[in-house]
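> The structure file final05.txt (compact mmCIF, C-alpha atoms and all ligand atoms) is provided below.
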# COMPACT_ATOMS: atom_id res chain seq x y z
CA MET S 452 87.19 -51.78 -160.79
CA ASN S 453 90.16 -51.95 -163.15
CA LEU S 454 93.46 -52.60 -161.37
CA THR S 455 96.78 -52.47 -163.17
CA ILE S 456 99.28 -55.21 -162.37
CA GLU S 457 101.28 -52.62 -160.41
CA GLU S 458 98.21 -51.68 -158.33
CA PHE S 459 97.35 -55.33 -157.79
CA LEU S 460 100.89 -56.10 -156.63
CA SER S 461 100.86 -53.11 -154.30
CA LEU S 462 98.53 -55.29 -152.22
CA ALA S 463 101.40 -57.77 -151.62
CA GLN S 464 101.59 -58.80 -147.97
CA ASP S 465 105.38 -58.73 -147.82
CA LYS S 466 106.40 -55.13 -148.47
CA GLU S 467 110.06 -56.25 -148.56
CA LEU S 468 109.26 -57.67 -151.97
CA PHE S 469 108.40 -54.30 -153.56
CA PRO S 470 111.86 -53.68 -155.10
CA ILE S 471 111.79 -57.23 -156.53
CA ILE S 472 108.30 -56.67 -157.92
CA ASP S 473 109.60 -53.55 -159.67
CA LYS S 474 112.48 -55.49 -161.17
CA VAL S 475 110.29 -58.34 -162.40
CA LEU S 476 107.78 -55.99 -164.01
CA SER S 477 110.56 -54.05 -165.72
CA GLU S 478 112.38 -57.28 -166.71
CA LYS S 479 115.55 -56.52 -164.76
CA ARG S 480 117.74 -59.43 -163.69
CA LEU S 481 117.35 -60.45 -160.02
CA THR S 482 120.44 -60.62 -157.81
CA SER S 483 121.31 -63.50 -155.51
CA ASP S 484 120.16 -61.32 -152.60
CA ASP S 485 116.78 -60.90 -154.30
CA ALA S 486 116.47 -64.67 -154.70
CA LEU S 487 117.36 -65.17 -151.05
CA LYS S 488 114.74 -62.61 -150.04
CA LEU S 489 112.16 -64.52 -152.05
CA PHE S 490 113.11 -67.79 -150.36
CA ASN S 491 112.84 -66.14 -146.95
CA SER S 492 109.44 -64.62 -147.67
CA THR S 493 106.22 -66.44 -146.86
CA ASP S 494 104.20 -64.31 -149.28
CA ILE S 495 103.76 -67.30 -151.55
CA LEU S 496 100.91 -65.81 -153.58
CA THR S 497 102.92 -62.74 -154.56
CA ILE S 498 105.94 -64.88 -155.41
CA GLY S 499 103.73 -67.26 -157.39
CA PHE S 500 101.99 -64.42 -159.23
CA LEU S 501 105.34 -62.93 -160.26
CA ALA S 502 106.68 -66.32 -161.38
CA ASN S 503 103.54 -67.10 -163.37
CA TYR S 504 103.67 -63.64 -164.95
CA THR S 505 107.30 -64.30 -165.98
CA ALA S 506 106.58 -67.83 -167.22
CA GLU S 507 103.69 -66.60 -169.37
CA LYS S 508 105.89 -63.88 -170.85
CA LYS S 509 108.30 -66.61 -171.93
CA ASN S 510 106.00 -69.44 -172.90
CA GLY S 511 102.51 -67.99 -173.08
CA LYS S 512 99.86 -70.33 -171.73
CA TYR S 513 101.71 -73.39 -172.97
CA ALA S 514 102.56 -76.17 -170.52
CA TYR S 515 104.62 -79.02 -171.92
CA PHE S 516 104.79 -82.76 -171.50
CA VAL S 517 106.67 -85.47 -173.35
CA ILE S 518 105.82 -89.08 -174.07
CA ASN S 519 108.94 -90.69 -172.69
CA ARG S 520 110.28 -93.74 -170.93
CA GLN S 521 112.96 -93.94 -168.32
CA ILE S 522 115.42 -96.82 -168.51
CA ASN S 523 117.90 -97.49 -165.71
CA PRO S 524 120.17 -100.24 -167.09
CA THR S 525 121.76 -101.03 -163.70
CA ASN S 526 121.62 -99.85 -160.10
CA ILE S 527 125.03 -101.26 -159.23
CA CYS S 528 127.19 -98.25 -158.48
CA VAL S 529 130.66 -97.48 -157.17
CA LEU S 530 129.53 -94.20 -155.65
CA ASP S 531 128.00 -94.05 -152.22
CA CYS S 532 125.73 -91.01 -152.26
CA LYS S 533 123.99 -90.68 -148.93
CA PHE S 534 120.65 -89.55 -150.36
CA CYS S 535 120.41 -92.34 -152.92
CA ALA S 536 118.23 -95.37 -152.25
CA PHE S 537 118.50 -96.66 -155.80
CA ALA S 538 122.21 -97.53 -155.98
CA GLN S 539 123.58 -100.82 -154.69
CA MET S 540 127.26 -100.96 -153.83
CA ASP S 541 127.18 -104.76 -153.43
CA LYS S 542 126.32 -106.54 -156.65
CA ASN S 543 125.28 -109.65 -154.69
CA ASP S 544 122.60 -107.71 -152.82
CA PRO S 545 119.15 -109.08 -153.76
CA LYS S 546 118.08 -105.56 -154.81
CA ALA S 547 121.05 -105.18 -157.21
CA TYR S 548 120.30 -105.67 -160.90
CA GLU S 549 121.80 -105.25 -164.33
CA MET S 550 119.90 -105.46 -167.59
CA SER S 551 121.06 -107.32 -170.68
CA TYR S 552 121.21 -105.54 -174.06
CA GLU S 553 118.05 -107.46 -175.01
CA GLN S 554 116.18 -106.23 -171.93
CA ILE S 555 117.22 -102.63 -172.57
CA LEU S 556 116.16 -102.84 -176.22
CA GLU S 557 112.85 -104.43 -175.19
CA LYS S 558 112.14 -101.44 -172.95
CA ALA S 559 113.04 -99.00 -175.72
CA LYS S 560 110.72 -100.88 -178.11
CA HIS S 561 107.95 -100.76 -175.52
CA ALA S 562 108.48 -97.00 -175.39
CA VAL S 563 108.06 -96.60 -179.14
CA GLU S 564 105.01 -98.88 -179.19
CA ASN S 565 103.49 -96.54 -176.62
CA GLY S 566 104.13 -93.41 -178.63
CA ALA S 567 107.36 -92.24 -176.97
CA SER S 568 109.68 -89.79 -178.71
CA GLU S 569 112.31 -89.99 -175.94
CA VAL S 570 114.12 -92.49 -173.77
CA HIS S 571 115.82 -91.07 -170.68
CA ILE S 572 118.64 -93.42 -169.67
CA VAL S 573 120.65 -93.07 -166.46
CA GLY S 574 122.01 -95.60 -164.03
CA GLY S 575 124.73 -96.69 -161.68
CA LEU S 576 128.46 -96.51 -162.31
CA HIS S 577 128.89 -100.25 -162.71
CA PRO S 578 132.33 -101.48 -161.51
CA ASP S 579 132.64 -104.09 -164.30
CA TRP S 580 131.12 -102.35 -167.33
CA ASP S 581 133.47 -100.56 -169.67
CA PHE S 582 132.74 -97.46 -171.77
CA GLU S 583 132.13 -99.74 -174.78
CA LYS S 584 129.15 -101.28 -173.00
CA TYR S 585 127.50 -97.90 -172.43
CA LEU S 586 128.28 -96.87 -176.02
CA ASN S 587 126.70 -100.11 -177.27
CA ILE S 588 123.50 -99.33 -175.36
CA VAL S 589 123.17 -96.07 -177.27
CA SER S 590 124.04 -97.48 -180.70
CA LEU S 591 121.81 -100.54 -180.23
CA ILE S 592 118.78 -98.36 -179.53
CA LYS S 593 119.62 -95.88 -182.29
CA LYS S 594 120.08 -98.60 -184.93
CA ASN S 595 116.85 -100.38 -184.07
CA LEU S 596 114.72 -97.36 -183.22
CA PRO S 597 116.13 -94.39 -185.14
CA SER S 598 113.17 -92.11 -184.38
CA LEU S 599 113.82 -92.17 -180.62
CA HIS S 600 115.67 -89.27 -179.03
CA ILE S 601 118.21 -90.74 -176.63
CA LYS S 602 118.66 -88.46 -173.62
CA ALA S 603 121.25 -90.33 -171.64
CA PHE S 604 124.00 -90.28 -169.04
CA THR S 605 124.47 -87.53 -166.51
CA ALA S 606 127.70 -85.58 -166.16
CA VAL S 607 128.57 -88.03 -163.37
CA GLU S 608 128.48 -90.89 -165.86
CA ILE S 609 130.43 -88.91 -168.48
CA ASP S 610 133.15 -88.29 -165.88
CA TYR S 611 133.18 -92.04 -165.09
CA PHE S 612 133.41 -92.99 -168.80
CA SER S 613 136.34 -90.63 -169.16
CA LYS S 614 138.14 -92.36 -166.27
CA LEU S 615 137.28 -95.82 -167.62
CA SER S 616 138.43 -95.11 -171.16
CA GLY S 617 141.26 -92.63 -170.66
CA LEU S 618 139.47 -90.33 -173.11
CA SER S 619 138.82 -86.65 -172.45
CA TYR S 620 135.27 -85.46 -171.71
CA GLU S 621 135.10 -84.08 -175.23
CA GLU S 622 136.20 -87.39 -176.79
CA VAL S 623 133.67 -89.32 -174.69
CA LEU S 624 130.87 -86.99 -175.72
CA ILE S 625 131.86 -87.11 -179.40
CA LYS S 626 131.81 -90.91 -179.36
CA LEU S 627 128.41 -90.96 -177.65
CA LYS S 628 127.07 -88.42 -180.12
CA GLU S 629 128.33 -90.49 -183.04
CA ALA S 630 126.61 -93.53 -181.52
CA GLY S 631 123.29 -91.67 -181.43
CA LEU S 632 123.14 -89.69 -178.20
CA GLY S 633 120.66 -86.82 -178.56
CA SER S 634 121.15 -84.83 -175.34
CA LEU S 635 122.29 -85.01 -171.72
CA PRO S 636 119.93 -85.18 -168.73
CA GLY S 637 120.57 -82.95 -165.74
CA GLY S 638 121.00 -85.44 -162.90
CA GLY S 639 124.00 -85.48 -160.62
CA ALA S 640 124.05 -81.75 -159.94
CA GLU S 641 122.66 -82.25 -156.42
CA ILE S 642 123.78 -79.09 -154.59
CA PHE S 643 126.99 -77.49 -155.82
CA SER S 644 128.22 -76.29 -152.40
CA PRO S 645 131.38 -78.33 -151.64
CA ASP S 646 130.47 -78.41 -147.93
CA VAL S 647 127.04 -79.92 -148.61
CA ARG S 648 128.46 -82.26 -151.27
CA ARG S 649 130.95 -83.61 -148.73
CA ILE S 650 127.99 -84.66 -146.57
CA ILE S 651 125.55 -85.96 -149.18
CA ALA S 652 127.76 -87.20 -152.02
CA PRO S 653 131.38 -87.39 -150.88
CA LYS S 654 132.61 -89.49 -153.82
CA LYS S 655 130.74 -87.68 -156.58
CA LEU S 656 132.45 -85.30 -159.01
CA GLY S 657 132.51 -81.67 -157.90
CA TYR S 658 130.40 -78.92 -159.39
CA LYS S 659 133.19 -77.53 -161.57
CA LYS S 660 133.44 -80.79 -163.47
CA TYR S 661 129.64 -81.09 -163.68
CA LEU S 662 129.49 -77.67 -165.31
CA GLU S 663 132.56 -78.27 -167.47
CA ILE S 664 130.94 -81.40 -168.96
CA HIS S 665 127.71 -79.52 -169.75
CA LYS S 666 129.76 -76.71 -171.26
CA ILE S 667 131.59 -79.12 -173.56
CA ALA S 668 128.33 -80.84 -174.49
CA HIS S 669 126.83 -77.47 -175.42
CA LYS S 670 129.90 -76.63 -177.49
CA LEU S 671 129.39 -79.90 -179.39
CA GLY S 672 125.80 -78.94 -180.13
CA LEU S 673 124.25 -81.22 -177.53
CA HIS S 674 121.57 -79.58 -175.42
CA SER S 675 121.10 -80.58 -171.82
CA THR S 676 118.89 -80.06 -168.81
CA THR S 677 120.07 -79.26 -165.31
CA THR S 678 118.79 -80.03 -161.83
CA MET S 679 119.02 -79.15 -158.13
CA LEU S 680 118.34 -81.62 -155.32
CA TYR S 681 116.71 -79.64 -152.49
CA GLY S 682 115.02 -80.28 -149.16
CA HIS S 683 117.79 -82.13 -147.29
CA VAL S 684 120.70 -80.46 -145.42
CA GLU S 685 121.25 -77.48 -147.69
CA SER S 686 120.37 -73.86 -146.90
CA TYR S 687 118.47 -71.35 -149.03
CA LYS S 688 121.82 -69.71 -149.72
CA ASP S 689 123.18 -72.98 -151.06
CA ARG S 690 120.20 -73.17 -153.43
CA VAL S 691 120.73 -69.62 -154.65
CA ASP S 692 124.48 -70.15 -155.14
CA HIS S 693 123.68 -73.31 -157.10
CA MET S 694 121.28 -71.49 -159.41
CA GLU S 695 123.70 -68.59 -159.80
CA LYS S 696 126.38 -70.95 -161.18
CA ILE S 697 123.88 -72.43 -163.62
CA ARG S 698 122.82 -68.96 -164.74
CA GLN S 699 126.45 -67.98 -165.34
CA LEU S 700 127.11 -70.99 -167.57
CA GLN S 701 123.86 -70.46 -169.43
CA ASP S 702 124.94 -66.86 -170.16
CA GLU S 703 127.97 -68.36 -171.89
CA THR S 704 126.48 -71.34 -173.76
CA ASN S 705 122.69 -71.04 -173.88
CA GLY S 706 122.65 -74.85 -174.01
CA PHE S 707 120.32 -75.67 -171.12
CA THR S 708 116.73 -76.21 -172.17
CA CYS S 709 115.24 -76.66 -168.73
CA PHE S 710 115.87 -76.49 -164.98
CA ILE S 711 114.40 -79.17 -162.76
CA PRO S 712 114.26 -78.78 -158.98
CA LEU S 713 114.31 -82.33 -157.57
CA ALA S 714 112.53 -82.67 -154.23
CA TYR S 715 114.45 -84.89 -151.81
CA GLN S 716 112.77 -88.25 -151.12
CA PRO S 717 113.73 -89.38 -147.62
CA GLU S 718 113.30 -93.16 -147.38
CA ASN S 719 115.81 -96.04 -147.47
CA ASN S 720 118.90 -93.89 -147.55
CA ASP S 721 121.71 -92.75 -145.22
CA LEU S 722 120.88 -89.07 -144.76
CA PRO S 723 119.51 -88.16 -141.33
CA VAL S 724 116.61 -86.28 -142.90
CA SER S 725 113.34 -88.13 -142.68
CA ASP S 726 110.82 -85.55 -143.90
CA HIS S 727 109.48 -85.04 -147.38
CA THR S 728 109.58 -81.46 -148.66
CA THR S 729 106.44 -79.39 -148.04
CA GLY S 730 104.08 -78.08 -150.70
CA ILE S 731 105.05 -74.47 -150.01
CA ASP S 732 108.75 -75.25 -150.33
CA ASP S 733 108.16 -77.09 -153.63
CA LEU S 734 106.14 -74.20 -155.06
CA LYS S 735 108.50 -71.54 -153.78
CA THR S 736 111.55 -73.32 -155.18
CA ILE S 737 109.96 -73.56 -158.60
CA ALA S 738 108.84 -69.93 -158.47
CA VAL S 739 112.24 -68.60 -157.39
CA ALA S 740 113.90 -70.69 -160.11
CA ARG S 741 111.58 -69.15 -162.71
CA LEU S 742 112.30 -65.64 -161.48
CA PHE S 743 116.05 -66.02 -161.00
CA LEU S 744 116.96 -68.18 -164.01
CA ASP S 745 115.90 -65.60 -166.56
CA ASN S 746 118.00 -67.23 -169.28
CA ILE S 747 116.62 -70.77 -168.98
CA PRO S 748 113.64 -71.31 -171.27
CA HIS S 749 111.73 -73.89 -169.21
CA ILE S 750 111.18 -74.86 -165.58
CA LYS S 751 109.97 -78.37 -164.88
CA ALA S 752 107.54 -79.43 -162.16
CA TYR S 753 108.61 -83.07 -161.94
CA TRP S 754 105.39 -84.78 -160.90
CA VAL S 755 107.27 -87.93 -159.85
CA MET S 756 109.00 -86.16 -156.97
CA ILE S 757 106.49 -83.48 -155.91
CA GLY S 758 103.37 -85.46 -156.74
CA GLU S 759 100.80 -84.79 -159.43
CA LYS S 760 98.76 -82.35 -157.35
CA THR S 761 101.61 -80.05 -156.41
CA ALA S 762 103.04 -80.30 -159.93
CA GLN S 763 99.68 -79.19 -161.31
CA ILE S 764 99.54 -76.18 -158.98
CA ALA S 765 103.18 -75.41 -159.86
CA LEU S 766 101.98 -74.66 -163.39
CA ASN S 767 100.62 -71.43 -161.87
CA PHE S 768 103.83 -70.81 -159.90
CA GLY S 769 106.35 -70.55 -162.72
CA ALA S 770 106.61 -74.07 -164.13
CA ASP S 771 105.71 -74.70 -167.76
CA ASP S 772 106.67 -78.37 -168.06
CA MET S 773 105.67 -81.58 -166.27
CA ASP S 774 108.19 -84.05 -167.75
CA GLY S 775 106.17 -86.95 -169.11
CA THR S 776 104.71 -90.40 -169.07
CA VAL S 777 107.98 -91.85 -167.67
CA MET S 778 106.55 -95.41 -167.93
CA GLU S 779 108.87 -96.88 -165.28
CA GLU S 780 110.36 -94.78 -162.48
CA LYS S 781 112.81 -96.29 -160.02
CA ILE S 782 115.15 -93.68 -158.48
CA ALA S 783 112.53 -91.65 -156.60
CA HIS S 784 110.39 -94.67 -155.74
CA PHE S 785 113.23 -96.60 -154.11
CA ALA S 786 113.49 -93.49 -151.88
CA GLY S 787 109.82 -93.34 -150.96
CA ALA S 788 108.13 -91.23 -153.65
CA LYS S 789 104.35 -91.37 -153.19
CA SER S 790 103.47 -90.69 -156.82
CA PRO S 791 102.68 -93.38 -159.40
CA THR S 792 105.61 -94.89 -161.33
CA GLN S 793 104.10 -93.92 -164.67
CA GLN S 794 101.53 -91.52 -166.04
CA GLN S 795 98.93 -91.65 -168.77
CA LYS S 796 99.13 -88.94 -171.40
CA GLU S 797 95.42 -88.22 -170.89
CA LYS S 798 96.01 -87.53 -167.20
CA LEU S 799 98.81 -85.07 -167.97
CA ILE S 800 96.54 -83.28 -170.43
CA ARG S 801 93.79 -83.06 -167.82
CA LEU S 802 96.15 -81.78 -165.11
CA ILE S 803 97.43 -79.07 -167.45
CA LYS S 804 94.00 -78.03 -168.74
CA GLU S 805 92.55 -77.76 -165.24
CA ALA S 806 95.53 -75.54 -164.31
CA GLY S 807 94.29 -73.13 -166.97
CA LYS S 808 97.16 -73.83 -169.39
CA ILE S 809 97.34 -75.22 -172.90
CA PRO S 810 98.80 -78.74 -173.00
CA VAL S 811 101.56 -79.20 -175.59
CA GLU S 812 103.06 -82.57 -176.31
CA ARG S 813 106.71 -81.76 -177.02
CA ASP S 814 109.84 -83.59 -178.09
CA THR S 815 113.00 -83.45 -175.98
CA LEU S 816 114.05 -80.12 -177.49
CA TYR S 817 110.63 -78.51 -176.99
CA ASN S 818 109.49 -78.71 -180.59
CA HIS S 819 105.72 -78.97 -180.60
CA VAL S 820 104.38 -82.42 -181.47
CA ARG S 821 100.74 -81.60 -180.78
CA VAL S 822 98.91 -78.71 -179.14
CA TYR S 823 95.73 -79.66 -177.24
CA ASP S 824 93.83 -76.37 -177.34
O1 LIG V 1 120.84 -87.55 -160.22
C1 LIG V 1 118.59 -89.52 -156.27
C2 LIG V 1 118.22 -87.54 -157.81
C3 LIG V 1 118.46 -87.74 -160.03
C4 LIG V 1 117.15 -89.03 -154.74
O2 LIG V 1 117.02 -84.12 -166.88
C5 LIG V 1 117.05 -88.09 -155.76
O3 LIG V 1 114.94 -83.84 -167.51
C6 LIG V 1 115.36 -87.02 -154.66
O4 LIG V 1 118.04 -86.25 -162.66
N1 LIG V 1 115.44 -87.87 -153.63
C7 LIG V 1 117.97 -88.53 -161.22
N2 LIG V 1 116.17 -87.09 -155.73
C8 LIG V 1 116.69 -87.95 -161.78
C9 LIG V 1 116.96 -86.79 -162.66
C10 LIG V 1 115.93 -86.31 -163.60
C11 LIG V 1 114.60 -86.66 -163.42
C12 LIG V 1 113.67 -86.20 -164.34
C13 LIG V 1 114.03 -85.43 -165.41
C14 LIG V 1 115.37 -85.09 -165.56
C15 LIG V 1 115.81 -84.29 -166.73
C16 LIG V 1 116.32 -85.52 -164.64
O5 LIG V 1 117.60 -88.00 -158.94
C17 LIG V 1 119.80 -88.05 -159.48
C18 LIG V 1 119.71 -87.39 -158.13
O6 LIG V 1 119.99 -86.02 -158.25
N3 LIG V 1 117.96 -88.41 -156.66
N4 LIG V 1 118.10 -89.92 -155.07
C19 LIG V 1 116.31 -88.88 -153.61
N5 LIG V 1 116.39 -89.70 -152.54
What is this file in structure tokens?
Ligand code: V47

Amino acid sequence: MNLTIEEFLSLAQDKELFPIIDKVLSEKRLTSDDALKLFNSTDILTIGFLANYTAEKKNGKYAYFVINRQINPTNICVLDCKFCAFAQMDKNDPKAYEMSYEQILEKAKHAVENGASEVHIVGGLHPDWDFEKYLNIVSLIKKNLPSLHIKAFTAVEIDYFSKLSGLSYEEVLIKLKEAGLGSLPGGGAEIFSPDVRRIIAPKKLGYKKYLEIHKIAHKLGLHSTTTMLYGHVESYKDRVDHMEKIRQLQDETNGFTCFIPLAYQPENNDLPVSDHTTGIDDLKTIAVARLFLDNIPHIKAYWVMIGEKTAQIALNFGADDMDGTVMEEKIAHFAGAKSPTQQQKEKLIRLIKEAGKIPVERDTLYNHVRVYD
């Protein structure tokens, strides 16, 4: 029996999805209502099939990983985000820490010794550090380890540096770029809805500034990633509105390389939400992102937050990237992540191969370092 894709999809359980199936197969852009319909459907296999079909049209059978190391120079932070278990408002708290330049450089050297092409640096908004200190972190690493791509500082940090220094966002970004910054990570987006932000991150910059900073970065030739924190108090509509705003900016700048849904980790924080996200929600969120964000090249299944097993399955539900070796993860693990805090390259390759995809070691900007076919 030879079924066409159309015939196969006519077997979909949720007949409400038929118009969306038509759009996906004819490469028409989905509307926010379509995305909401997908979120409200439980026909996960149809949604996953469509997302995988779309992902393979974009990236073939490739699934990416990077040899990277996360460095979080301090967890002392002036913000008080309710979902965050990493930040310490009180610098005398036994859990509060700040690294010296030497310690930060040691970690970056460890990364290079272990084959890393990228360091991913984010941390707290320290009340006593000035912009110079953050700039020095970048230039110190760049001078000593010029081959490393420095992906550092979320839009939240850029906004803070601007306040600290009196410089505009553009001036802050230019100085960081001159010091050796390679790109911006996507953290701090959370959920754009002002109503949800008031509950989960009342002191954090609003979505307009988050997007403005990424827009300026893109204009300066810096690529960035972008994220969405889901699985707490937000609604499906909030998720769709969030992705819609990202899609709009990407239409203008084309500067985002990747979208990363971040699954809420519920421990040791102040939000009254004590459950981890479910496997179906993780897979559906990745799949809807792949289908809706037609202008974003890559969708990441971040194994740290959804676990290796779900991340592996997500490679058949629209994701084509697993992030990387990470080497030392703190933010999700302070909040109860059940995954390991680092990953061996060999394990990532195995996870990808067993998902039926071709593992590709990439650099930050998705240039191929090595294809494992
Ligand atoms: O900005 C904080 C989130 C982010 C929790 O850009 C939490 O490639 C879940 O942005 N549960 C930092 N999430 C991590 C991040 C990231 C990770 C991997 C790759 C990239 C990339 C970016 O983690 C924060 C915040 O949004 N976060 N607390 C929590 N309890």
> As JSON, please: the centre and edge lengths in Å, to one decimal, of an axis-aligned box enclosing every listed atom of ligand LIG 1 (chain V) with 6 Å added on each side.

{"center_x": 117.3, "center_y": -86.9, "center_z": -160.0, "size_x": 19.2, "size_y": 18.1, "size_z": 27.0}
> Quick one: residues within 8 Å of range 507-518 of chain S, all atoms listed in the file counted, chain neighbours fewer than 2 positions away excluded, as a ChimeraX atom specification?
/S:503-505,520,566-569,748,766,770-777,796,799,803,807-815,817
> Counting all atoms listed in the file, what are the residues of chain S within 6 Å of ligand LIG 1 (chain V), and for each of them which pair of atoms is the nearest and at what distance in Å, to one decimal? Sort the table by chain and rising number, as CSV.

residue,atom,partner,partner_atom,distance
S:Phe534,CA,V:LIG1,N5,4.8
S:Cys535,CA,V:LIG1,N4,4.0
S:Ala536,CA,V:LIG1,N5,6.0
S:Pro636,CA,V:LIG1,O2,3.6
S:Gly637,CA,V:LIG1,O2,3.9
S:Gly638,CA,V:LIG1,O4,3.1
S:Gly639,CA,V:LIG1,O1,3.8
S:Glu641,CA,V:LIG1,O6,5.0
S:Thr676,CA,V:LIG1,O2,4.9
S:Thr677,CA,V:LIG1,O2,5.9
S:Leu680,CA,V:LIG1,O6,5.5
S:Leu713,CA,V:LIG1,N2,5.4
S:Ala714,CA,V:LIG1,C6,5.2
S:Tyr715,CA,V:LIG1,N1,3.6
S:Gln716,CA,V:LIG1,N1,3.7
S:Pro717,CA,V:LIG1,N5,5.6
S:Ile782,CA,V:LIG1,C1,5.8
S:Ala783,CA,V:LIG1,C19,5.6
S:Ala786,CA,V:LIG1,N5,4.8
> Using only C-alpha atoms, which of S:Asp610, S:Asp494, S:Glu718, S:Asp732 sits nearest Asp465 in chain S?
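The answer is S:Asp494, which sits nearest to Asp465 in chain S.
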> Could you check the closest approach to Glu629 in chain S for each of S:Ile601, S:Gly574, S:Lys558, S:Pro712 and tell me which residue wins, using all atoms listed in the file?
S:Ile601
> CA of Thr792 in chain S to CA of Met778 in chain S: how many Å, to one decimal?
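Computing the Euclidean distance for CA of Thr792 in chain S and CA of Met778 in chain S yields 6.7 Å.
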> With only C-alpha atoms as the atoms that count, which of S:Ala562, S:Ile625, S:Ile800, S:Leu615 lies nearest to Ser598 in chain S?
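Looking only at the distances to Ser598 in chain S, the closest residue turns out to be S:Ala562.
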> Please return range 483-500 of chain S, rebuilt to N, CA and C atoms, as a JSON list (two decimals), keeping the file's coordinate frame.

[["chain", "number", "residue", "atom", "x", "y", "z"],
["S", 483, "SER", "N", 121.38, -62.39, -156.47],
["S", 483, "SER", "CA", 121.31, -63.50, -155.51],
["S", 483, "SER", "C", 120.61, -63.06, -154.22],
["S", 484, "ASP", "N", 120.84, -61.82, -153.81],
["S", 484, "ASP", "CA", 120.16, -61.32, -152.60],
["S", 484, "ASP", "C", 118.65, -61.29, -152.80],
["S", 485, "ASP", "N", 118.23, -60.90, -154.01],
["S", 485, "ASP", "CA", 116.78, -60.90, -154.30],
["S", 485, "ASP", "C", 116.22, -62.32, -154.16],
["S", 486, "ALA", "N", 116.96, -63.28, -154.74],
["S", 486, "ALA", "CA", 116.47, -64.67, -154.70],
["S", 486, "ALA", "C", 116.38, -65.17, -153.26],
["S", 487, "LEU", "N", 117.36, -64.77, -152.46],
["S", 487, "LEU", "CA", 117.36, -65.17, -151.05],
["S", 487, "LEU", "C", 116.18, -64.54, -150.31],
["S", 488, "LYS", "N", 115.89, -63.31, -150.65],
["S", 488, "LYS", "CA", 114.74, -62.61, -150.04],
["S", 488, "LYS", "C", 113.44, -63.34, -150.40],
["S", 489, "LEU", "N", 113.35, -63.79, -151.63],
["S", 489, "LEU", "CA", 112.16, -64.52, -152.05],
["S", 489, "LEU", "C", 112.04, -65.83, -151.27],
["S", 490, "PHE", "N", 113.16, -66.54, -151.12],
["S", 490, "PHE", "CA", 113.11, -67.79, -150.36],
["S", 490, "PHE", "C", 112.69, -67.53, -148.91],
["S", 491, "ASN", "N", 113.14, -66.40, -148.37],
["S", 491, "ASN", "CA", 112.84, -66.14, -146.95],
["S", 491, "ASN", "C", 111.46, -65.53, -146.73],
["S", 492, "SER", "N", 110.78, -65.22, -147.80],
["S", 492, "SER", "CA", 109.44, -64.62, -147.67],
["S", 492, "SER", "C", 108.39, -65.73, -147.60],
["S", 493, "THR", "N", 107.33, -65.47, -146.86],
["S", 493, "THR", "CA", 106.22, -66.44, -146.86],
["S", 493, "THR", "C", 105.05, -65.94, -147.71],
["S", 494, "ASP", "N", 105.29, -64.86, -148.45],
["S", 494, "ASP", "CA", 104.20, -64.31, -149.28],
["S", 494, "ASP", "C", 104.13, -65.11, -150.59],
["S", 495, "ILE", "N", 103.67, -66.34, -150.44],
["S", 495, "ILE", "CA", 103.76, -67.30, -151.55],
["S", 495, "ILE", "C", 102.88, -66.88, -152.74],
["S", 496, "LEU", "N", 101.78, -66.20, -152.46],
["S", 496, "LEU", "CA", 100.91, -65.81, -153.58],
["S", 496, "LEU", "C", 101.55, -64.72, -154.43],
["S", 497, "THR", "N", 102.23, -63.77, -153.77],
["S", 497, "THR", "CA", 102.92, -62.74, -154.56],
["S", 497, "THR", "C", 104.06, -63.36, -155.36],
["S", 498, "ILE", "N", 104.82, -64.24, -154.71],
["S", 498, "ILE", "CA", 105.94, -64.88, -155.41],
["S", 498, "ILE", "C", 105.40, -65.71, -156.59],
["S", 499, "GLY", "N", 104.32, -66.43, -156.33],
["S", 499, "GLY", "CA", 103.73, -67.26, -157.39],
["S", 499, "GLY", "C", 103.18, -66.42, -158.53],
["S", 500, "PHE", "N", 102.53, -65.30, -158.19],
["S", 500, "PHE", "CA", 101.99, -64.42, -159.23],
["S", 500, "PHE", "C", 103.11, -63.91, -160.13]]
